[in-house]
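Quick look at run.cif (mmCIF, C-alpha atoms):
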data_protein
#
loop_
_atom_site.label_atom_id
_atom_site.label_comp_id
_atom_site.auth_asym_id
_atom_site.auth_seq_id
_atom_site.Cartn_x
_atom_site.Cartn_y
_atom_site.Cartn_z
CA MET T 3 11.67 -0.02 1.58
CA HIS T 4 12.73 -2.88 -0.67
CA GLN T 5 10.50 -3.13 -3.72
CA VAL T 6 12.36 -6.06 -5.31
CA LEU T 7 13.19 -8.79 -2.79
CA PHE T 8 15.29 -10.88 -5.16
CA GLU T 9 15.61 -11.87 -8.80
CA ILE T 10 15.29 -15.34 -10.32
CA PRO T 11 17.65 -16.02 -13.24
CA THR T 12 16.11 -17.61 -16.34
CA PRO T 13 17.39 -18.30 -19.88
CA TRP T 14 15.42 -15.21 -20.98
CA GLY T 15 16.75 -12.90 -18.26
CA THR T 16 16.06 -12.30 -14.59
CA VAL T 17 12.55 -12.26 -13.14
CA PRO T 18 12.12 -9.77 -10.27
CA ILE T 19 10.13 -10.87 -7.23
CA PHE T 20 8.44 -7.79 -5.83
CA GLY T 21 8.08 -7.47 -2.07
CA TYR T 22 4.45 -6.38 -2.23
CA GLY T 23 3.43 -9.21 -4.55
CA PHE T 24 5.32 -11.73 -2.42
CA MET T 25 3.55 -10.57 0.74
CA LEU T 26 0.24 -10.74 -1.09
CA PHE T 27 0.98 -14.36 -1.96
CA LEU T 28 1.97 -15.11 1.66
CA SER T 29 -1.26 -13.61 2.96
CA PHE T 30 -3.29 -15.87 0.66
CA ALA T 31 -1.28 -19.04 1.29
CA ALA T 32 -0.92 -18.67 5.08
CA GLY T 33 -4.45 -17.38 5.62
CA THR T 34 -6.09 -20.10 3.54
CA TRP T 35 -3.98 -22.84 5.14
CA LEU T 36 -5.03 -21.71 8.63
CA ALA T 37 -8.67 -21.40 7.53
CA ALA T 38 -8.54 -24.91 6.09
CA ARG T 39 -7.20 -26.28 9.39
CA ARG T 40 -9.92 -24.44 11.30
CA ALA T 41 -12.54 -25.77 8.89
CA ARG T 42 -11.42 -29.37 9.39
CA ALA T 43 -11.80 -28.95 13.17
CA VAL T 44 -15.48 -27.97 12.80
CA GLY T 45 -16.36 -30.58 10.20
CA VAL T 46 -16.04 -28.52 7.01
CA ASN T 47 -14.14 -30.03 4.09
CA PRO T 48 -10.80 -28.12 3.86
CA GLU T 49 -10.85 -28.42 0.07
CA HIS T 50 -13.97 -26.28 0.01
CA MET T 51 -12.09 -23.55 1.86
CA TRP T 52 -9.30 -23.54 -0.72
CA ASP T 53 -11.85 -23.30 -3.52
CA ILE T 54 -13.80 -20.50 -1.83
CA ALA T 55 -10.59 -18.67 -0.92
CA THR T 56 -9.46 -18.71 -4.55
CA TYR T 57 -12.71 -17.09 -5.67
CA CYS T 58 -12.54 -14.47 -2.92
CA PHE T 59 -8.84 -13.77 -3.40
CA VAL T 60 -9.25 -13.00 -7.09
CA GLY T 61 -12.34 -10.88 -6.43
CA GLY T 62 -10.61 -9.16 -3.53
CA VAL T 63 -7.58 -8.22 -5.61
CA VAL T 64 -9.80 -6.79 -8.36
CA GLY T 65 -11.90 -4.83 -5.86
CA ALA T 66 -8.89 -3.53 -3.94
CA ARG T 67 -7.22 -2.39 -7.16
CA LEU T 68 -10.35 -0.69 -8.50
CA LEU T 69 -10.99 1.28 -5.31
CA SER T 70 -7.33 2.34 -5.20
CA MET T 71 -7.57 3.70 -8.75
CA ILE T 72 -10.81 5.52 -7.87
CA ILE T 73 -9.28 7.15 -4.78
CA ASP T 74 -5.96 7.94 -6.46
CA PRO T 75 -6.58 8.17 -10.22
CA VAL T 76 -3.64 8.24 -12.62
CA PRO T 77 -3.60 9.94 -16.04
CA GLY T 78 -3.60 7.95 -19.27
CA ASP T 79 -5.81 6.43 -21.92
CA LEU T 80 -7.75 3.18 -21.61
CA TRP T 81 -4.80 0.94 -22.44
CA GLN T 82 -2.54 2.77 -19.97
CA GLN T 83 -5.20 2.42 -17.29
CA LEU T 84 -5.52 -1.29 -18.02
CA TYR T 85 -1.76 -1.80 -17.80
CA HIS T 86 -1.66 0.16 -14.55
CA PHE T 87 -4.50 -1.97 -13.20
CA ILE T 88 -2.64 -5.26 -13.69
CA GLU T 89 0.55 -4.02 -11.99
CA ILE T 90 -0.66 -5.29 -8.62
CA TRP T 91 2.83 -6.42 -7.64
CA LYS T 92 3.78 -2.74 -7.33
CA GLY T 93 1.12 -1.97 -4.72
CA GLY T 94 -1.92 0.27 -4.92
CA MET T 95 -4.59 -1.76 -3.10
CA VAL T 96 -7.31 -0.65 -0.68
CA PHE T 97 -8.44 -3.20 1.91
CA TYR T 98 -12.09 -2.13 1.89
CA GLY T 99 -12.20 -2.51 -1.88
CA GLY T 100 -10.79 -6.00 -1.42
CA LEU T 101 -13.45 -6.77 1.18
CA LEU T 102 -16.23 -5.68 -1.17
CA GLY T 103 -14.68 -7.49 -4.13
CA GLY T 104 -14.31 -10.62 -2.04
CA LEU T 105 -17.98 -10.48 -1.04
CA ILE T 106 -19.04 -10.19 -4.69
CA ALA T 107 -16.79 -13.11 -5.60
CA TYR T 108 -18.26 -15.09 -2.69
CA ALA T 109 -21.68 -14.76 -4.32
CA LEU T 110 -20.32 -16.76 -7.25
CA ALA T 111 -18.62 -19.22 -4.90
CA TRP T 112 -21.95 -19.58 -3.06
CA ILE T 113 -23.61 -20.73 -6.28
CA ARG T 114 -20.77 -23.05 -7.29
CA ILE T 115 -19.57 -24.40 -3.92
CA VAL T 116 -21.47 -23.26 -0.81
CA ARG T 117 -25.05 -24.05 -1.81
CA PRO T 118 -24.35 -27.44 -3.51
CA ASN T 119 -22.44 -28.59 -0.42
CA ARG T 120 -24.95 -27.12 2.06
CA LEU T 121 -22.36 -25.00 3.84
CA ASN T 122 -23.27 -22.28 6.35
CA THR T 123 -22.15 -18.81 5.21
CA LEU T 124 -21.78 -17.38 8.70
CA LYS T 125 -19.79 -20.42 9.81
CA ILE T 126 -17.45 -19.92 6.85
CA ALA T 127 -17.17 -16.22 7.68
CA ASP T 128 -16.05 -17.06 11.22
CA ILE T 129 -13.50 -19.53 9.89
CA VAL T 130 -12.08 -16.90 7.54
CA ALA T 131 -12.17 -13.84 9.83
CA PRO T 132 -8.84 -14.49 11.64
CA SER T 133 -7.20 -15.09 8.27
CA LEU T 134 -8.41 -11.69 7.08
CA ALA T 135 -6.58 -10.10 10.00
CA LEU T 136 -3.48 -12.11 9.16
CA GLY T 137 -3.81 -10.83 5.61
CA VAL T 138 -3.72 -7.28 6.97
CA PHE T 139 -0.44 -8.12 8.72
CA PHE T 140 1.27 -9.46 5.59
CA GLY T 141 -0.31 -6.83 3.35
CA ARG T 142 0.99 -3.94 5.42
CA LEU T 143 4.47 -5.44 5.48
CA GLY T 144 4.16 -5.46 1.71
CA CYS T 145 3.21 -1.78 1.83
CA LEU T 146 6.33 -1.07 3.87
CA LEU T 147 8.51 -2.86 1.32
CA ASN T 148 6.77 -1.06 -1.53
CA GLY T 149 6.85 2.41 0.02
CA CYS T 150 3.10 3.04 -0.19
CA CYS T 151 0.47 3.78 2.50
CA TYR T 152 2.98 6.05 4.23
CA GLY T 153 2.32 8.40 7.11
CA GLY T 154 2.71 12.15 7.39
CA TYR T 155 5.73 14.05 8.61
CA ALA T 156 7.03 12.79 11.96
CA ASP T 157 8.73 15.52 13.94
CA PRO T 158 12.00 14.01 15.29
CA GLN T 159 11.41 15.94 18.52
CA GLN T 160 8.17 14.00 19.06
CA LEU T 161 8.72 10.60 17.40
CA ARG T 162 11.96 8.67 17.21
CA PRO T 163 12.62 7.14 14.90
CA GLY T 164 10.39 8.06 11.97
CA LEU T 165 10.89 6.21 8.69
CA GLU T 166 12.90 7.77 5.89
CA PHE T 167 12.24 6.50 2.37
CA PRO T 168 14.66 6.66 -0.59
CA SER T 169 14.86 9.54 -3.02
CA ASN T 170 12.13 9.67 -5.66
CA SER T 171 9.98 7.25 -3.67
CA PRO T 172 6.27 8.05 -3.22
CA PRO T 173 6.73 9.53 0.30
CA GLN T 174 9.62 11.70 -0.86
CA ARG T 175 7.72 12.89 -3.94
CA GLU T 176 4.75 13.78 -1.73
CA MET T 177 7.02 15.80 0.56
CA VAL T 178 8.37 17.62 -2.49
CA ALA T 179 4.85 18.30 -3.84
CA ARG T 180 3.88 19.82 -0.48
CA GLY T 181 6.97 22.00 -0.44
CA TYR T 182 8.54 20.35 2.61
CA GLN T 183 11.81 19.53 0.83
CA THR T 184 13.54 19.57 -2.54
CA GLY T 185 13.47 16.53 -4.78
CA PHE T 186 17.17 16.32 -5.60
CA GLY T 187 18.75 19.03 -3.48
CA PHE T 188 18.24 21.88 -5.96
CA LEU T 189 15.53 23.95 -7.63
CA LEU T 190 15.26 24.94 -11.30
CA SER T 191 14.42 28.33 -12.75
CA ASP T 192 10.87 28.99 -13.83
CA ASP T 193 11.92 30.63 -17.10
CA GLU T 194 14.22 28.21 -18.91
CA GLY T 195 13.54 25.15 -16.78
CA ARG T 196 16.99 23.56 -17.03
CA THR T 197 19.02 26.17 -15.16
CA VAL T 198 19.73 25.68 -11.47
CA ALA T 199 18.14 28.56 -9.55
CA GLN T 200 18.73 27.46 -5.95
CA ILE T 201 20.71 24.81 -4.11
CA GLU T 202 19.72 23.37 -0.74
CA HIS T 203 22.32 24.27 1.85
CA GLY T 204 24.19 21.23 3.15
CA SER T 205 22.83 18.95 0.44
CA ALA T 206 24.81 16.34 -1.47
CA ALA T 207 24.26 18.42 -4.62
CA GLU T 208 26.08 21.34 -2.99
CA ALA T 209 28.87 19.05 -1.79
CA ALA T 210 29.27 17.65 -5.32
CA GLY T 211 29.90 21.15 -6.66
CA LEU T 212 26.60 22.05 -8.30
CA GLN T 213 26.22 25.82 -8.59
CA VAL T 214 23.46 28.31 -9.24
CA GLY T 215 23.41 29.08 -12.98
CA ASP T 216 24.49 25.61 -14.10
CA LYS T 217 22.45 24.33 -17.05
CA ILE T 218 21.57 20.61 -17.02
CA VAL T 219 22.07 19.02 -20.45
CA ARG T 220 22.13 15.32 -19.59
CA VAL T 221 20.68 13.05 -16.88
CA GLY T 222 22.56 9.78 -16.62
CA GLU T 223 23.09 8.68 -20.21
CA ASP T 224 20.10 10.57 -21.61
CA PRO T 225 20.38 14.07 -23.11
CA CYS T 226 17.70 16.66 -22.38
CA SER T 227 17.18 19.64 -24.66
CA SER T 228 14.06 20.97 -22.98
CA ALA T 229 12.56 21.46 -19.56
CA GLY T 230 9.93 18.79 -20.30
CA GLU T 231 12.56 16.18 -21.07
CA LEU T 232 14.49 17.07 -17.92
CA TYR T 233 11.44 16.78 -15.69
CA ARG T 234 10.53 13.45 -17.27
CA LEU T 235 14.03 12.04 -16.74
CA LEU T 236 14.16 13.22 -13.12
CA ALA T 237 10.65 11.89 -12.42
CA ASN T 238 11.62 8.44 -13.75
CA TRP T 239 15.03 8.31 -12.08
CA PRO T 240 15.34 5.01 -10.12
CA GLN T 241 14.48 5.33 -6.46
CA GLY T 242 17.49 5.65 -4.16
CA LYS T 243 20.03 5.66 -7.00
CA ALA T 244 22.86 8.22 -7.13
CA LEU T 245 22.06 10.94 -9.68
CA THR T 246 24.52 11.73 -12.46
CA LEU T 247 24.14 15.11 -14.19
CA GLU T 248 26.05 16.64 -17.06
CA ILE T 249 25.96 20.40 -16.76
CA GLU T 250 27.16 23.41 -18.73
CA ARG T 251 28.80 26.17 -16.70
CA ASN T 252 29.78 29.60 -17.95
CA GLU T 253 32.87 30.86 -16.13
CA ASN T 254 34.28 34.17 -17.33
CA LEU T 255 32.80 33.64 -20.81
CA ASP T 256 34.36 30.17 -20.90
CA LEU T 257 31.68 27.48 -21.38
CA ARG T 258 32.64 24.29 -19.56
CA THR T 259 30.93 20.90 -19.46
CA LEU T 260 31.09 19.00 -16.17
CA LYS T 261 29.74 15.70 -14.90
CA LEU T 262 28.56 15.52 -11.29
CA THR T 263 27.32 12.51 -9.32
CA PHE T 264 25.64 12.72 -5.93
CA GLN T 265 23.05 10.98 -3.79
CA PRO T 266 19.65 12.75 -3.79
CA PRO T 267 18.04 13.31 -0.39
CA SER T 268 15.80 10.75 1.23
CA SER T 269 12.35 11.71 2.41
CA LEU T 270 11.88 13.56 5.65
CA PRO T 271 10.95 11.15 8.48
CA VAL T 272 7.35 9.99 8.30
CA HIS T 273 5.08 8.03 10.62
CA PRO T 274 5.56 4.27 10.05
CA THR T 275 1.84 3.70 9.52
CA GLN T 276 2.56 0.47 7.65
CA LEU T 277 4.13 -0.96 10.80
CA TYR T 278 1.33 0.40 12.97
CA ASN T 279 -1.23 -1.36 10.80
CA ALA T 280 0.82 -4.55 10.55
CA ILE T 281 1.04 -4.79 14.34
CA ASP T 282 -2.68 -4.10 14.59
CA GLY T 283 -3.40 -6.85 12.08
CA LEU T 284 -1.29 -9.33 14.04
CA LEU T 285 -2.94 -8.41 17.35
CA LEU T 286 -6.38 -8.67 15.76
CA PHE T 287 -5.47 -12.09 14.37
CA LEU T 288 -4.48 -13.27 17.87
CA LEU T 289 -7.67 -11.80 19.38
CA LEU T 290 -9.97 -13.45 16.82
CA SER T 291 -8.12 -16.76 17.08
CA ALA T 292 -8.50 -16.69 20.88
CA TYR T 293 -12.18 -15.73 20.66
CA TYR T 294 -13.08 -18.30 18.01
CA PRO T 295 -13.47 -21.33 20.38
CA PHE T 296 -15.79 -19.34 22.65
CA HIS T 297 -18.23 -17.77 20.19
CA LYS T 298 -21.78 -19.00 20.69
CA VAL T 299 -23.43 -18.20 17.39
CA ASP T 300 -22.04 -18.39 13.88
CA GLY T 301 -21.07 -14.94 12.67
CA GLN T 302 -19.81 -13.50 15.95
CA VAL T 303 -16.13 -13.80 15.02
CA LEU T 304 -16.81 -11.92 11.79
CA ALA T 305 -18.76 -9.28 13.73
CA LEU T 306 -15.83 -8.78 16.10
CA PHE T 307 -13.53 -8.28 13.11
CA LEU T 308 -15.92 -5.71 11.61
CA ILE T 309 -15.96 -3.82 14.90
CA CYS T 310 -12.24 -3.85 15.69
CA TYR T 311 -10.57 -3.31 12.32
CA PRO T 312 -12.35 -0.03 11.41
CA ILE T 313 -11.32 1.60 14.70
CA ASN T 314 -7.63 1.25 13.94
CA ARG T 315 -8.09 2.08 10.26
CA PHE T 316 -9.98 5.27 11.08
CA LEU T 317 -7.23 6.43 13.44
CA MET T 318 -4.40 5.49 11.08
CA GLU T 319 -5.97 7.49 8.27
CA SER T 320 -5.47 10.64 10.33
CA LEU T 321 -1.72 9.93 10.33
CA ARG T 322 -1.43 9.08 6.65
CA MET T 323 -0.42 11.55 3.97
CA ASP T 324 -1.39 9.71 0.79
CA ASN T 325 -5.20 9.68 0.95
CA PRO T 326 -7.19 12.77 -0.07
CA LEU T 327 -10.14 14.06 1.92
CA THR T 328 -13.67 13.69 0.55
CA TRP T 329 -16.72 15.95 0.77
CA SER T 330 -17.22 14.91 4.41
CA GLY T 331 -13.80 16.11 5.52
CA LEU T 332 -12.74 12.50 6.01
CA THR T 333 -10.88 10.15 3.71
CA MET T 334 -12.72 7.52 1.72
CA SER T 335 -11.45 4.79 4.05
CA GLN T 336 -12.59 6.73 7.13
CA ASN T 337 -16.10 7.00 5.72
CA ILE T 338 -16.13 3.28 4.96
CA SER T 339 -14.72 2.56 8.44
CA ILE T 340 -17.72 4.25 10.05
CA ILE T 341 -20.14 2.21 7.94
CA THR T 342 -18.24 -1.02 8.63
CA PHE T 343 -18.13 -0.36 12.38
CA VAL T 344 -21.88 0.29 12.51
CA ALA T 345 -22.52 -2.86 10.48
CA GLY T 346 -20.32 -4.89 12.84
CA VAL T 347 -22.11 -3.57 15.93
CA ALA T 348 -25.51 -4.25 14.36
CA LEU T 349 -24.46 -7.78 13.39
CA MET T 350 -23.09 -8.51 16.87
CA PHE T 351 -26.31 -7.21 18.47
CA TRP T 352 -28.50 -9.29 16.16
CA LEU T 353 -26.43 -12.40 16.81
CA GLY T 354 -26.53 -11.72 20.54
CA MET T 355 -30.32 -11.60 20.44
CA LYS T 356 -30.29 -14.80 18.42
CA SER T 357 -28.05 -16.41 21.04
CA LEU T 358 -30.48 -15.48 23.83
CA LYS T 359 -33.40 -17.00 21.94
CA ALA T 360 -31.53 -20.21 21.11
CA PRO T 361 -28.61 -20.53 23.57
CA SER T 362 -27.90 -24.11 22.56
CA ALA T 363 -27.66 -23.35 18.85
CA LYS T 364 -24.25 -23.27 17.21
#
Could I get this file's structure written as structure tokens?
Amino acid sequence: MHQVLFEIPTPWGTVPIFGYGFMLFLSFAAGTWLAARRARAVGVNPEHMWDIATYCFVGGVVGARLLSMIIDPVPGDLWQQLYHFIEIWKGGMVFYGGLLGGLIAYALAWIRIVRPNRLNTLKIADIVAPSLALGVFFGRLGCLLNGCCYGGYADPQQLRPGLEFPSNSPPQREMVARGYQTGFGFLLSDDEGRTVAQIEHGSAAEAAGLQVGDKIVRVGEDPCSSAGELYRLLANWPQGKALTLEIERNENLDLRTLKLTFQPPSSLPVHPTQLYNAIDGLLLFLLLSAYYPFHKVDGQVLALFLICYPINRFLMESLRMDNPLTWSGLTMSQNISIITFVAGVALMFWLGMKSLKAPSAK
């Protein structure tokens, strides 16, 4: 996990380059460049592909972000929701939402570009299909850097190695919410909320000298006079950073103030579903690229993508821990995977019948 790849110095301060946003840019640039080359080989103006890709990329980002916020809503008023929506560089995108958003954006591109230039939609879809798979590859690497789209607990006795994410990262917070581990190596009392009630044996907090009964009065440089303030400060503590606490300890009626610094625990090992999906995307890209020269009817490469991608996505969802189940007992993406798979099979069958009726058509 490496959310910020590097920082660019400017006269107004440094500008962080987020790993997820950078991978999103790579997926667009590399995918469109390859699609443009493929278009030139079949007599389609490459500039049209760049124009269409821009429409679809913007629509895809909007759609992917919207579906993510529907599946995993966050609290806040309208302005907070809007600000959260535009933070795409921090992750929170669903591929199927991007696919739907891209299709809607293509409708506009069809009016502005495709129809005036008499382009074939299915031919364009075949040109783009391998690039979509390549986008999955880069996108999932971005998820790995960002710490999202993580898998469930990976028993070290069954899978070596699982991935461990930094303290206070989304996977670690999910493990804490499910009761699999403590967030910082200790638990607080239910009554007062700032008093340490339990310390995890063998944790860094125990090694640093934290004791049951200690009252936390400061986190880092910020004082906390209530349980609410303490929870807020701990929830916003930077991921992977050593935690500094100022505590009050009563020893034989002598109230002492101590400062302790220790490294909070990382997440328990989880399935590296981001890597699984990235490898799948790369393999699917190679498969579609190899199949492209041999397809007989426009649309068959797209149909193969619609058949293959949902199979892996459906299986990966069963390993993930971040997507809630719906009324059907499946996740939203699993439900969409079934629909997409059926649509791909139907499209391939229809195109196959079309190929039999007109074997020379292309």
- Task: Would you translate the PyMOL selection byres ((chain T and resi 98-105) around 8) into the concrete set of residues it matches in this file, as a PyMOL selection string?
- Result: chain T and resi 57-70+95-97+106-109+335+338
- Message: Neighbouring residues of Leu189 (chain T) were defined as those with any atom within 9 Å, considering only C-alpha atoms; residues of the same chain fewer than 2 positions away were excluded. Please report them as a PyMOL selection string.
- Response: chain T and resi 184-187+191+197-202
- Point-to-point distance from CA of Arg315 (chain T) to CA of Leu332 (chain T), Å rounded to tenths: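 About the pair CA of Arg315 (chain T) and CA of Leu332 (chain T): they are 12.2 Å apart.
Candidate residues T:Met334, T:Leu285, T:Leu84, T:Ile73 were compared for distance to Tyr311 (chain T), and the nearest is T:Leu285, using all atoms listed in the file.
The two atoms in question, CA of Tyr155 (chain T) and CA of Glu89 (chain T), are spaced 27.9 Å apart.
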